[in-house]
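Reading through the structure tokens given below for one structure.
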Amino acid sequence: MVTQEQRRRQLAREKFLRQQQRRTVARRKANMRNSVIASVLGVIIIGSLALYTTGVLKGDEDSKGNASAEVTPSASDKPTDPCEKPAAGKVKTATWKKEPELTVDKSAKYTMKLATTCGDIDVALKASAAPHTVNSFEFLAGKGFFDHSKCHRLTTNGIYVLQCGDPTGTGTGGPGYTIPDENLKDKSLKNNIYPAGTIAMANTGQKNSGGSQFFLVYQDSQLPPSYTPFGTVSESGMKVLKKIATAGETTGQGDGAPVATVVINKATVTKS
């Protein structure tokens, strides 16, 4: 008999997978729309800009009108943000057509440091077990791809992860290329549990669809072994993750943007 707790976890996993699939559809639609716009841009750019500007202004006016009718909550009603203000700088928007050349040394040790507004998160990377993934992260970190990007998603019900790595902050962004799934039979994954401290690749629900988005597990989470585990978070990094998790997420439903302002000020990958 399936217990209530098992059923709750199953529903949470199904919800997680559905959201990943919806993001894939949204990404494909966005790419198609952008292609159409690019093909006719020279003809309609003036009209398009006028419509876009009008829409933005109207949205601002509506929001101002609604704000005047709403009761402003007191400071005590607002969730507390435990993190600092982000460092000055802008997210880079560069993308690449193909995966970078595989140059990672499988016999060496690699560590990644995510210097975030909430504290440093250090990760021991698994270069020998997930060389394509570690190689990609070394490449992207070297290009400053993750710098100034927000961790856009926190789940606090069923599965317990912080998701980062999307420079757009929407859950649909990436580096322009995909990397293969790796290390799905890692010995740490027992009974479809991603243990606390795991860092793994997010994907679209399809094989070999990982890009730059990843998630950090702050509490044991039951998930199908479909997400490349490629590192382990340090003890001090786990304290940072738990601080972020304790602050909660914004929807109150267990899956949304974190209340904490989690921004990766700087990401570095070091070989030793």
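Within each chain, counting starts at residue 1; across the structure tokens, chains are named A, B, ... in the order shown, with ligands numbered 1 upward in that order.
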
**Q.** Near-stretch 210-227 of chain A list (7 Å; only C-alpha atoms; drop same-chain fewer than 2 positions) as a PyMOL selection string
**A.** chain A and resi 13+159-166+174-175+177-180+184+192-203+208+229+238+241-242

Q.
When you look at A:Val259 with a cut-off of 10 Å (counting only C-alpha atoms), what residues show up, excluding the ones that are within fewer than 4 positions of it in the same chain? I need them as an MDAnalysis selection string.
A. chainID A and resid 78:83 153:154 244:251

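The interatomic distance for the pair atom CA of A:Glu101 and atom CA of A:Ser128 works out to 16.0 Å.
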
**Q.** Filtered DSSP result for stretch 94-230 of chain A, state strand (DSSP E or B), as a ChimeraX atom specification
**A.** /A:110-116,119-125,149-150,153-155,157,159,161-164,179,190,193-194,198-201,210,214-217,221-222,229-230

Q. Residues at most 12 Å from A:Val91, counting only C-alpha atoms, excluding those fewer than 4 positions away in the same chain, as a PyMOL selection string?
A. chain A and resi 86-87+143-150+165-169+263-266

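For the choices A:Gly89, A:Gly173, A:Gly142, A:Gly231, the atom-to-atom distance to A:Leu125 is smallest for A:Gly231 when using only C-alpha atoms.
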
From a DSSP pass on the backbone, collect the residues of stretch 94-202 of chain A flagged as helix (DSSP H, G or I) and hand them back as a PDB file with C-alpha atoms, in the first residue's frame.
ATOM      1  CA  PRO A 131      33.845  15.065 -17.482  1.00  0.00           C
ATOM      2  CA  HIS A 132      31.549  16.772 -20.000  1.00  0.00           C
ATOM      3  CA  THR A 133      29.613  18.499 -17.231  1.00  0.00           C
ATOM      4  CA  VAL A 134      32.674  19.642 -15.298  1.00  0.00           C
ATOM      5  CA  ASN A 135      34.351  20.733 -18.535  1.00  0.00           C
ATOM      6  CA  SER A 136      31.292  22.822 -19.423  1.00  0.00           C
ATOM      7  CA  PHE A 137      31.192  24.467 -16.014  1.00  0.00           C
ATOM      8  CA  GLU A 138      34.890  25.283 -16.158  1.00  0.00           C
ATOM      9  CA  PHE A 139      34.329  26.870 -19.583  1.00  0.00           C
ATOM     10  CA  LEU A 140      31.221  28.845 -18.597  1.00  0.00           C
ATOM     11  CA  ALA A 141      32.676  30.031 -15.286  1.00  0.00           C
ATOM     12  CA  GLY A 142      35.778  31.197 -17.126  1.00  0.00           C
TER      13      GLY A 142
END

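Using only C-alpha atoms, the nearest neighbour of A:Lys98 within the list A:Gly176, A:Thr204, A:Phe16, A:Ser209 is A:Gly176.
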
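Considering only C-alpha atoms, the residue among A:Asp105, A:Asp181, A:Asp120, A:Glu235 positioned nearest to A:Ala267 is A:Asp120.
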